[in-house]
Structure formats: structure tokens, C-alpha cells
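Asks: Pasting a structure below so you can have a look.
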Protein chains: 2
Amino acid sequence: MNRQILYDNQDFFDGYFALRNQDINYNDLLEQPAMAELLPNLSGKAVLDLGCGFGQNCKDFVCRGAKRVVGVDISEKMLSVAKDKSAAPEIQYRNMSMTDIASMDETFDFVYSSLAFHYVEDFSKLMTDIYNLLAPNGMLLFSQEHPIPTATIDGLGHYNKDENGIPVSYTFSNYSQSGKREIHWFIDGVVKFHRPMGELLTAVARAGFTIEVVCEPTPKDWAVKKLPAIAKEFIKPSFLIVQARKKA
Amino acid sequence: MNRQILYDNQDFFDGYFALRNQDINYNDLLEQPAMAELLPNLSGKAVLDLGCGFGQNCKDFVCRGAKRVVGVDISEKMLSVAKDKSAAPEIQYRNMSMTDIASMDETFDFVYSSLAFHYVEDFSKLMTDIYNLLAPNGMLLFSQEHPIPTATIDGLGHYNKDENGIPVSYTFSNYSQSGKREIHWFIDGVVKFHRPMGELLTAVARAGFTIEVVCEPTPKDWAVKKLPAIAKEFIKPSFLIVQARKKA
């Protein structure tokens, strides 16, 4: 099942919508704060958000002074929520696949993507397409699932617990076997693409980018206070964040 | 026990010497071939080898046309083998710690280091020191133990085997807890420094380098044929290799 069918599937959508509306979730406690720390000054900038989903980030970019924001998502259902809840005159939402962005006839100062690139099969092409859409000195900031949790082919990567039920270690396999992974997430048959760290980062570099930051975010004290179980992130990371820049 | 005392310790030295002289070892089957693929053209170049050990690579750099090679190692014992077995007019061996290279009054076109940086506590300083020693457009190529196998604080990271004794997965912990790790390797109390991938690569970038390649080498068919057990590298990598360049 590809991402288009995935996010437009009603069962998946309902599960995902509920997850993102929970008060306490990993995105809000860990991934989003880490991404926010790496945002550039957006005042007067043109921004492209790939896999914008419900559009919360597009709205935030406008609050931070962006003069133009294009939010791209393959799911009509997600964009209908975005247009309803995260509208602004500066934002344009487009229902398209991020595999088709090479056809866009625009330039951006900043390309952003939160937790969507692991759905894309051809990562090298994606990097080249983004590089071509960026203005000189433009920045790419993206997060995706970390390659350790995406590695295991049978989907059975797991934490091991001690006698008190506290996670103490993590077991995984197939890290260096790049490729498709079919897992259960709300529904069966969710397809993601596992790429080892080296393959990923070399593709970013080969597209022409200068890698500035590689971040495997860990929870701050306030996040652990809110959700003590999130301390298990110190055992193995869930997210990978990369900040990279096009040459000036 | 620091690296100086370590490699000059007779028990450790004997164990390490025997390991490297085995016909079949991970360095020769996996790490060294991957490093060789990433070597630049060395014709007429000045080369610095950090943690040069027995000097095999220094000798190889001369064979590849380097006009001047400086091999640095903290262990006198290792260097006495190097001076005996890997001597050449173009090579100068120096008994010093790589933490002291900022005092060197020379410039190099290429800085190389095989499996030594995980012994260094202050990685950011090391990156800055190397950057300062490189000529414009100069290259750094280094390997070190991969952060997944160095992660587990109690040293008990391990493969799990199926009923036939075949490794099927890997269990580890403490990945995001940067710092000292004391392990047993031939002798007790061998000290290494674990750094998560993000911390490592961001330090390379922040020193000013453009990261060109991040490689987690996997064994080629010929290596698996020679040592079938090395196929377990596809479960989790043992080595990390980084190629980075100083701006022109």
C-alpha cells in the first residue's frame, strides 16, 4: 500500500488523527521541539513543506514571517483538514506526490519535511529534486524515522524489559539491508523504505548539499517529566533529523 | 587505561599483533577494502596517518605516489614494528598523541586514520586540529568502530543466535548516552569513547568540513566466501567510515 492510499484510508486516517491529537505523543515531545531548534530565520522567505499533512507547520512558518508557503501532500484527506484548520493567505496547499516536485517551476529558500521521507522509494532523486528547487544558500531540514527502528524486515524490532517492565535494551536486525519494509501501523501493509545512515547521508552529500547538522534527538527533562516512558529514547533513537545547505 | 598504556602493554600488544597477523580478520576483509575504495589520488601528496600502528598504510601511501608521509602513533612498541617492517625514505614516524597535533607546523593534503578515533575523548577538538593542518581542498578519511557496537555501557551488546547457532539479530543499549566505555579486549580496562552518529557527524561538519561520504561497510561476496560468519555484518555494522573535505 503506497502512501497515497495509506493516508486516504479511513481506518488509517482515524488512527493517525487520534494519535496526533493526543496531548502526549512523540512528535510533540521530541521530534517537533528538535526540528524547531534547527529552523532558520524565515522572515520574508519562501518555504516548501513536503508531506505537510494537517498543515500545522505551514501555519507556524507564516507566524515566523515566511512570505510564501507551499504545502505539498499526497493525501487529499490530510489536505482537507489543513485547508480547514491551518489556512492563511500566504499558504497554498497542493495535492501532489513529493516524487513529482521536479515539475515545480519555483524556487524556495527553505525546504522542510517532517516524518515523510521514509515513504519515498527513490531518495537520491528526491535529494536532487529538492536541491534544484532551492535558491543558492537555501536550507533543507528534514526528519524521518531513524534507521535503527526501520531496519528489521519482519517488523519485530523491539525493546527488551527488565523484571519491573522497564525497557533496558533494543533488539533489531537487517540494518544494512536497504529496501522496502511492510509493517502494521493502524492497518496492515504500510510500506516504508529502510535506508542505513550511510546510504542516506551520502545521498544528501552527493546531491550537492553541505550537511550541517545530523541530529538523533533525545528527550529534554520537561519531556521525560510529562512522559517518563520516553526515557527509553536513550536506549535507541526513534528519529533522525538532517539540516543541509545548498552552496551559495 | 589510556591508549598509550594500552598499546604498550605487553599482553595487549601480543594479542593485537596476533590478531592483525591472522590471515582472516575483519580489518582485511571489510574495513581496509572499504577505506581503499575511498582513497584519493595520492600522487605527489603530503599525507598524515593518525594512529598509524604498524605502518602498513604509510607504506601503501608511498606506493601510491605520496611524496611525504608522517605516521603518528602514541605507542612506541607499535612504531618500533613500523620502523622495522614499513620503512621508506618518504616516511617519518613520530611517537606522539593525536591529541597534540595542533602543535605540528606543517600542512597536509590528506589526513587518514584507521580505527583510532574512538580512543580520543575530545572529538570536536580533533576535527578542528585536523582541519587546521589540511591544505585547502584537502581530504580527511577516517574509520572507527560503529556507534551501535560501542553503545552498550556494560559492554554486553551482543548478537542473538537461532537454534542452529546462526546470528539473527543484535541487542544493544545506551546508544544516546555519549561518553566513556570501559571494555575487555585482550586485557581489562580498555577505554573507548562512544559517540552517537549525530554527535560525530555534526562535529565533523562544525569543524568546517564538507561531508562527502558516510559509509557503513558491508562485506563483498569474496569476503563472505572467505569468512561466511562475516555475513552477520548485514545485521548491524561494525565500522563507520567518513570522507570529508576542507573547503577549497
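A note on labels: chains of the C-alpha cells are A, B, ... as shown, every chain counts residues from 1, and ligands are counted from 1 in their shown order.
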Near range 112-123 of chain B, within 10 Å and counting only C-alpha atoms, which residues show up once chain neighbours fewer than 4 positions away are dropped, as number ranges by chain?
Replies: B: 2-4, 27, 31-32, 35, 39, 47-53, 57-58, 71-73, 97-99, 127-130, 139-147, 150, 179-181, 190-195, 199-200, 203-204, 239-241, 243
Asks: DSSP on the backbone, then: every residue of range 15-240 of chain B marked helix (DSSP H, G or I), written as a ChimeraX atom specification.
Replies: /B:15-21,26-37,56-63,76-85,98-103,117-119,123-133,147-151,197-206,221-226,228-234
Asks: Chain B residues within 8 Å of chain A, counting only C-alpha atoms: which ones, as JSON, numbers by chain?
Replies: {"B": [168, 169, 170, 171, 172, 173, 174, 175, 176, 177, 196, 197, 198, 199, 201, 202, 205, 206, 210, 211, 212, 213, 214, 215, 216, 218, 233, 234, 235, 236, 237]}
Asks: Taking C-alpha atoms for each residue, export the selection above as a tab-separated table (two decimals), in the first residue's frame.
Replies:
```
chain	number	residue	atom	x	y	z
B	168	VAL	CA	19.80	-13.38	13.56
B	169	SER	CA	19.64	-10.11	15.47
B	170	TYR	CA	21.65	-7.73	17.66
B	171	THR	CA	20.84	-6.37	21.11
B	172	PHE	CA	22.32	-3.14	22.46
B	173	SER	CA	21.56	-0.23	24.76
B	174	ASN	CA	22.64	3.30	25.77
B	175	TYR	CA	23.08	4.49	22.19
B	176	SER	CA	22.26	8.11	23.00
B	177	GLN	CA	24.42	8.22	26.12
B	196	PRO	CA	26.22	8.64	18.61
B	197	MET	CA	26.29	9.13	14.85
B	198	GLY	CA	24.63	12.54	15.04
B	199	GLU	CA	27.14	13.91	17.53
B	201	LEU	CA	28.95	13.87	12.11
B	202	THR	CA	27.82	17.24	13.41
B	205	ALA	CA	30.54	19.50	9.89
B	206	ARG	CA	31.03	22.16	12.59
B	210	THR	CA	32.05	19.15	3.84
B	211	ILE	CA	31.00	15.55	4.46
B	212	GLU	CA	31.27	13.65	1.17
B	213	VAL	CA	30.72	10.02	2.10
B	214	VAL	CA	29.37	8.24	5.19
B	215	CYS	CA	29.99	4.52	4.80
B	216	GLU	CA	28.93	1.57	6.96
B	218	THR	CA	29.25	-4.44	4.23
B	233	GLU	CA	27.57	-7.53	9.27
B	234	PHE	CA	24.25	-7.15	7.42
B	235	ILE	CA	22.51	-7.41	10.80
B	236	LYS	CA	24.47	-4.49	12.25
B	237	PRO	CA	27.61	-2.72	11.03
```
Asks: Between CA of Lys45 in chain A and CA of Val70 in chain A, measure the distance and give it in Å to one decimal.
Replies: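 So the two atoms, CA of Lys45 in chain A and CA of Val70 in chain A, lie 11.4 Å apart.
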Asks: So the first atom is CA of Asn9 in chain A and the second is CA of Ser75 in chain A; what is the distance between them in Å, to one decimal place?
Replies: 9.4 Å
Asks: What's the 9 Å shell around Glu90 in chain A, counting only C-alpha atoms, without same-chain residues fewer than 6 positions away, as a ChimeraX atom specification?
Replies: /A:59,62,66-70
Asks: If we count only C-alpha atoms, what is near range 223-226 of chain B at a cut-off of 8 Å, once residues fewer than 6 positions away on the same chain are taken out, given as a PyMOL selection string?
Replies: chain B and resi 24+29-30
Asks: Could you go through range 9-152 of chain B and tell me which residues DSSP, when run on the backbone, assigns to strand (DSSP E or B), listing them as a ChimeraX atom specification?
Replies: /B:46-50,68-73,91-95,108-114,134-145
Asks: Kindly indicate which residue among B:Leu126, B:Cys63, B:Ile74, B:Ala231 lies nearest to Ser86 in chain B, using only C-alpha atoms for the distances.
Replies: B:Cys63
Asks: Residues near Asp109 in chain A, anyone? I mean within 6 Å using only C-alpha atoms, not counting same-chain ones fewer than 5 positions away, as a PyMOL selection string.
Replies: chain A and resi 45-46+134-135+138
Asks: Please indicate the distance in Å from CA of Leu38 in chain B to CA of Ala244 in chain B, rounded to one decimal place.
Replies: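 Value for the CA of Leu38 in chain B-CA of Ala244 in chain B distance: 10.6 Å.
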